[in-house]
Amino acid sequence: MKLSAVALLCMGLLLVGCDGIEEPDRPLESNQPNQSVDEVQLAPDITEPNNRENEQTKQDEERQPSEDRPLDVNYEEADRTAEDVIEDEGEDALDEASDGVDDADTGQEDVNKADSYKFEVPEPGEFGSQCAENDDCHSGLCVPSEIGYICTNVCVADCPANWSCKAANIGGQDVMFVCLPSNEMACEYNNQCEAGSNEEESCGNCGKRTRSCSESCRWSAWSACSGEGECLPGITQDGVCGFCGHRSRTCSDTCRWNAWEECQDQGECDAGSVVTEDCGLCGERSKHCTAQCKWSDWTACSGQGQCVLGSAEDRACGNCGRETRTCSDTCNWTEWSACEDQGVCTPGEVQVEPCGKCGERMRTCTFACGWGDWTPCTGQGECVPGAWKLDSCLNCGLAQVTCQSDCTWGERGSCLGTGTCWPGAVEELACGKCGVQTRTCTDACGWGAWGSCTSQGVCTPGQVETRECGNCGVATRTCTSRCQWGAWSACKSEGECGPGDVEACGNCGRRTCTSQCTWGACNIGTVDQYEENDKKATARVLPRITDHDGDATGLYANINPTNDPDWFKVHITDATGASIDPWVRLSQVPLGQTYRICVYYECNQASGVPPERKCVHVVGGNQGTVKISVAGCDDNCGATCYDNGGDMFMWVHALDGGSCSSYRLDYGA
C-alpha cells in the first residue's frame with residue numbers, strides 16, 4: 001500500500017524529533033470537519049502523572065528539542081481529509097509520496113485490521129493507547145486528541161470505525177494525516193456531561209460562575225466568579241476613626257457593607273500633631289498630641305529676644321549728643337545709631353587765647369556742650385608791642401619811646417623841639433554819640449592829635465536796632481536822647497521750630513526744622529509694597545485663587561502713613577469638585593492698635609445676590625476671622641448655572657492711627 005507525500009514527510013520528521021510541544025493538559029485546537037476540539041482536555045487520570053513528570057523540566061524541554069516528546073500539532077490550520085486531497089489533486093498526488101514504502105513502515109496494516117474496532121483499552125504502545133512521548137508508541141506517533149495524548153498512525157483515507165483520518169499541521173511544516181477518535185468515541189470515553197449543556201453554581205461573596213459541556217462530553221473550566229459583593233454576610237469589620245476612636249460595621253445578606261457605626265471614645269487631637277504659639281519676647285512654645293490623642297503640657301517658652309517688639313531707647317553720647325536703637329521683629333536690639341545733635345566742646349573744657357597787651361583770656365565749655373563767654377583780658381603789660389609814645393623832655397621837647405615785645409616801654413629816644421602849649425593842657429570838643437573829643441598839649445608844648453571821641457553812648461538818638469530771637473523771630477530797640485539803647489521789644493514773627501530741631505511725625509516718621517524755622521517734609525518711614533491702595537477703586541489686585549483649600553494664601557502689610565487704609569481685591573474661581581466658602585483672617589496686629597477688617601463680595605453673575613458686608617475688630621496681639629456665604633451668587637442665572645465665583649474686597653483700617661509694624665492678612669475659599 002502506497003503512502004502520500006505528506007505522510008512520508010511526517011515520517012521523516014519523526015526521525016529528527018519535534019519541537020514546541022505543549023504539555024499534555026493543553027487544550028487542543030482543531031478544525032476537523034466533524035468534530036470541535038476547542039474545549040477538549042486530556043483525562044485527568046491519564047495526564048496527571050505525566051504533568052508531574054514534566055512540570056520540573058518544562059522550560060528545559062522548550063529550549064532543547066527532543067525526539068521523545070509527543071508531536072505538537074494544530075488541527076485548526078489543516079482541516080482537509082485524505083479524500084479532500086484525492087478530490088482536489090487526484091490519486092496520483094498520494095501515490096507519488098508512497099513509492100518504495102511498505103505497510104510495515106507506517107503501521108497501516110494494524111489500522112486495516114481494526115475496521116470493526118470498538119472502544120476498548122488497548123495494550124501500551126498499540127494504536128489508541130495512552131502515551132506521554134513518541135517512544136511510548138509502536139508507530140512513533142504520540143499526538144493530542146479529545147481523549148488525551150494517544151498513539152496513532154498516519155493514514156491515507158481509511159481509519160477504524162469511530163476514527164477519522166484528519167489533517168494535522170506541525171507548526172511551520174507541511175500537513176500530515178493521522179487517525180483521531182470521533183466525537184462519539186470521545187463522549188463514550190469522557191462521559192462527564194451532555195454535549196452542549198451548561199451548569200451554574202454560587203461562588204465567592206454572593207457571586208455566580210458557569211461552565212459548558214463540549215462536543216466531546218467534557219466540562220470546560222469554570223468561568224471567573226462574577227457579580228460578587230464586598231463581603232461575607234454576617235461578618236463584622238472593626239476600624240479606627242477620628243482621634244484614636246473606634247467603629248464597626250457588618251456585612252448584609254446582599255454581601256454589601258452596612259454603614260459604619262458612630263465613632264466612639266475619641267480623644268481631643270490627632271496623634272503626633274504639634275501646635276505652636278508665640279510667647280514672651282518673640283519666643284515660642286509648643287505642645288504635642290500623644291499616642292492616646294491627648295494634648296501634652298506646653299513646653300517652656302524658648303527662643304526669646306531681649307526687648308519688646310517695636311520699643312526704642314536712647315542714651316547720651318559724644319558732646320551732649322544722643323544715639324538711639326530700636327527693638328527688631330526678632331525682639332533683639334538693633335545697633336546704636338550714629339551720635340547726633342552733638343555740641344562743639346566737652347563740658348568743663350577750657351580754652352585760652354592771647355589778648356590785649358600780652359594778656360590772656362579764657363572761656364569754659366558749658367554743660368550744654370557750648371562755649372561760655374570770654375573772661376576779661378588779664379595779665380596785660382603797659383603797651384602793645386611796636387607802639388610808641390613821646391615823653392616830655394627838656395624845653396618841651398619830646399622823646400620817642402617804643403613798646404617792646406614784652407609789652408613794656410623801652411628807653412626814651414632823643415628829645416626833639418618844643419611845642420605850642422603848656423604841657424598837660426586839655427581841649428574838649430563835642431562829638432559822636434553824646435561824647436567828648438579832647439586833645440592834650442604834649443610835653444613838647446604842642447597840641448597832640450584829637451583823641452578819640454570818648455564818653456559816647458552806644459547809639460545815635462532815634463536809631464533802631466534789630467536782632468534775631470527765638471525761632472527766626474525779630475526783636476527791636478530804640479536809642480534814647482542820652483544815646484543809650486532802650487529795652488528790647490518782645491520777639492516777633494517767630495517760626496514754628498528751631499533750625500535743626502527734629503521731631504517724630506506720622507506713625508514712625510521724623511522731620512527736621514529748616515533754616516527758615518519751618519518743618520520740613522515728614523519722612524514717613526516704612527511703607528508696604530501695595531500702596532497706593534487707600535480706596536476701593538485703587539484696591540491692590542492680588543493673584544487669582546480657586547475654592548480649593550490648597551489655594552489659601554496670605555500677605556504682610558502696614559498702616560502707614562497715619563490713618564491710611566489698605567484695600568485688596570482677589571478673584572475667586574468656583575472650581576468643579578470643591579465647595580466655595582470665602583474667608584479672611586487678620587492677625588499680628590501691632591500692640592496698642594485696634595484694626596478693623598471688612599469683607600465685600602461682588603458676584604460673577606450680574607443676576608446673583610451678593611452677601612452683605614461683614615466686619616470684625618481685632619485688638620493688637622489677637623486675630624479675627626470673617627467668613628461669608630456666597631450661595632446666592634448663582635441665583636436667577638438658570639437651572640444649569642452653578643457659578644458662585646466673584647471678586648472679594650478686603651478693607652483694613654486702623655482705629656488708632658496705624659503703625660509701621662506689619663499685620664498679616666490670610667484669605668482663601
# chains A, B, ... in the order shown; residues from 1 in each chain; ligands from 1
call {"tool": "residues_around", "arguments": {"residues": "Arg249 (chain A)", "least_positions_apart": "3", "cutoff": "8 Å", "atoms": "only C-alpha atoms", "output": "PyMOL selection string"}}
result
chain A and resi 236-238+257-261
call {"tool": "residues_around", "arguments": {"residues": "region 401-410 of chain A", "least_positions_apart": "6", "cutoff": "7 Å", "atoms": "only C-alpha atoms", "output": "PyMOL selection string"}}
result
chain A and resi 357-358+381-391
call {"tool": "write_last_selection", "arguments": {"atoms": "N, CA, C and O atoms", "output": "compact mmCIF listing (two decimals), in the first residue's frame"}}
result
# COMPACT_ATOMS: atom_id res chain seq x y z
N LYS A 357 47.33 143.57 75.67
CA LYS A 357 48.76 143.85 75.76
C LYS A 357 49.45 142.69 76.45
O LYS A 357 49.70 142.73 77.66
N CYS A 358 49.70 141.67 75.68
CA CYS A 358 50.36 140.46 76.19
C CYS A 358 49.59 139.82 77.33
O CYS A 358 50.15 139.16 78.21
N GLY A 381 50.34 143.91 79.88
CA GLY A 381 51.51 144.76 80.11
C GLY A 381 51.16 146.24 79.98
O GLY A 381 50.00 146.64 80.14
N GLU A 382 52.16 147.09 79.58
CA GLU A 382 51.99 148.54 79.52
C GLU A 382 51.56 149.03 78.16
O GLU A 382 51.00 150.11 78.02
N CYS A 383 51.86 148.27 77.17
CA CYS A 383 51.64 148.76 75.82
C CYS A 383 51.56 147.60 74.85
O CYS A 383 51.80 146.45 75.20
N VAL A 384 51.21 148.00 73.64
CA VAL A 384 51.13 146.99 72.58
C VAL A 384 52.47 146.94 71.87
O VAL A 384 52.99 148.01 71.46
N PRO A 385 53.06 145.81 71.74
CA PRO A 385 54.37 145.73 71.10
C PRO A 385 54.38 146.47 69.77
O PRO A 385 53.48 146.31 68.95
N GLY A 386 55.46 147.29 69.63
CA GLY A 386 55.61 148.07 68.40
C GLY A 386 55.05 149.48 68.49
O GLY A 386 55.36 150.35 67.65
N ALA A 387 54.14 149.70 69.49
CA ALA A 387 53.61 151.06 69.65
C ALA A 387 54.72 151.99 70.20
O ALA A 387 55.71 151.51 70.73
N TRP A 388 54.50 153.26 70.00
CA TRP A 388 55.48 154.21 70.53
C TRP A 388 54.75 155.41 71.10
O TRP A 388 53.59 155.65 70.81
N LYS A 389 55.46 156.17 71.93
CA LYS A 389 54.94 157.39 72.52
C LYS A 389 56.08 158.41 72.67
O LYS A 389 57.24 158.04 72.58
N LEU A 390 55.62 159.63 72.93
CA LEU A 390 56.60 160.71 73.14
C LEU A 390 56.56 161.14 74.60
O LEU A 390 55.49 161.43 75.15
N ASP A 391 57.64 161.13 75.20
CA ASP A 391 57.75 161.61 76.58
C ASP A 391 58.35 163.04 76.58
O ASP A 391 59.14 163.41 75.70
call {"tool": "residues_around", "arguments": {"residues": "Trp651 (chain A)", "least_positions_apart": "5", "cutoff": "10 Å", "atoms": "only C-alpha atoms", "output": "count of residues only"}}
result
16
call {"tool": "atom_distance", "arguments": {"atom1": "CA of Ser337 (chain A)", "atom2": "CA of Arg325 (chain A)"}}
result
6.1 Å
call {"tool": "residues_around", "arguments": {"residues": "Ala312 (chain A)", "least_positions_apart": "4", "cutoff": "10 Å", "atoms": "only C-alpha atoms", "output": "ChimeraX atom specification"}}
result
/A:307-308,324-328,333-334
call {"tool": "write_last_selection", "arguments": {"atoms": "C-alpha atoms", "output": "short mmCIF file (atom, residue, chain, number, x, y, z; two decimals), in the first residue's frame"}}
result
data_model
loop_
_atom_site.label_atom_id
_atom_site.label_comp_id
_atom_site.auth_asym_id
_atom_site.auth_seq_id
_atom_site.Cartn_x
_atom_site.Cartn_y
_atom_site.Cartn_z
CA CYS A 307 13.20 93.55 74.30
CA VAL A 308 9.58 94.33 73.47
CA THR A 324 19.15 105.51 69.63
CA ARG A 325 18.32 101.88 68.96
CA THR A 326 15.04 100.01 68.33
CA CYS A 327 13.70 96.53 69.07
CA SER A 328 13.56 94.46 65.87
CA TRP A 333 18.13 95.39 69.93
CA THR A 334 19.49 96.83 66.71
#
call {"tool": "select_by_dssp", "arguments": {"residues": "region 576-607 of chain A", "states": "strand (DSSP E or B)", "output": "list of chain:residue names"}}
result
A:Trp583, A:Val584, A:Arg585, A:Leu586, A:Ser587, A:Thr594, A:Tyr595, A:Arg596, A:Ile597, A:Cys598, A:Val599, A:Tyr600, A:Tyr601, A:Glu602, A:Cys603
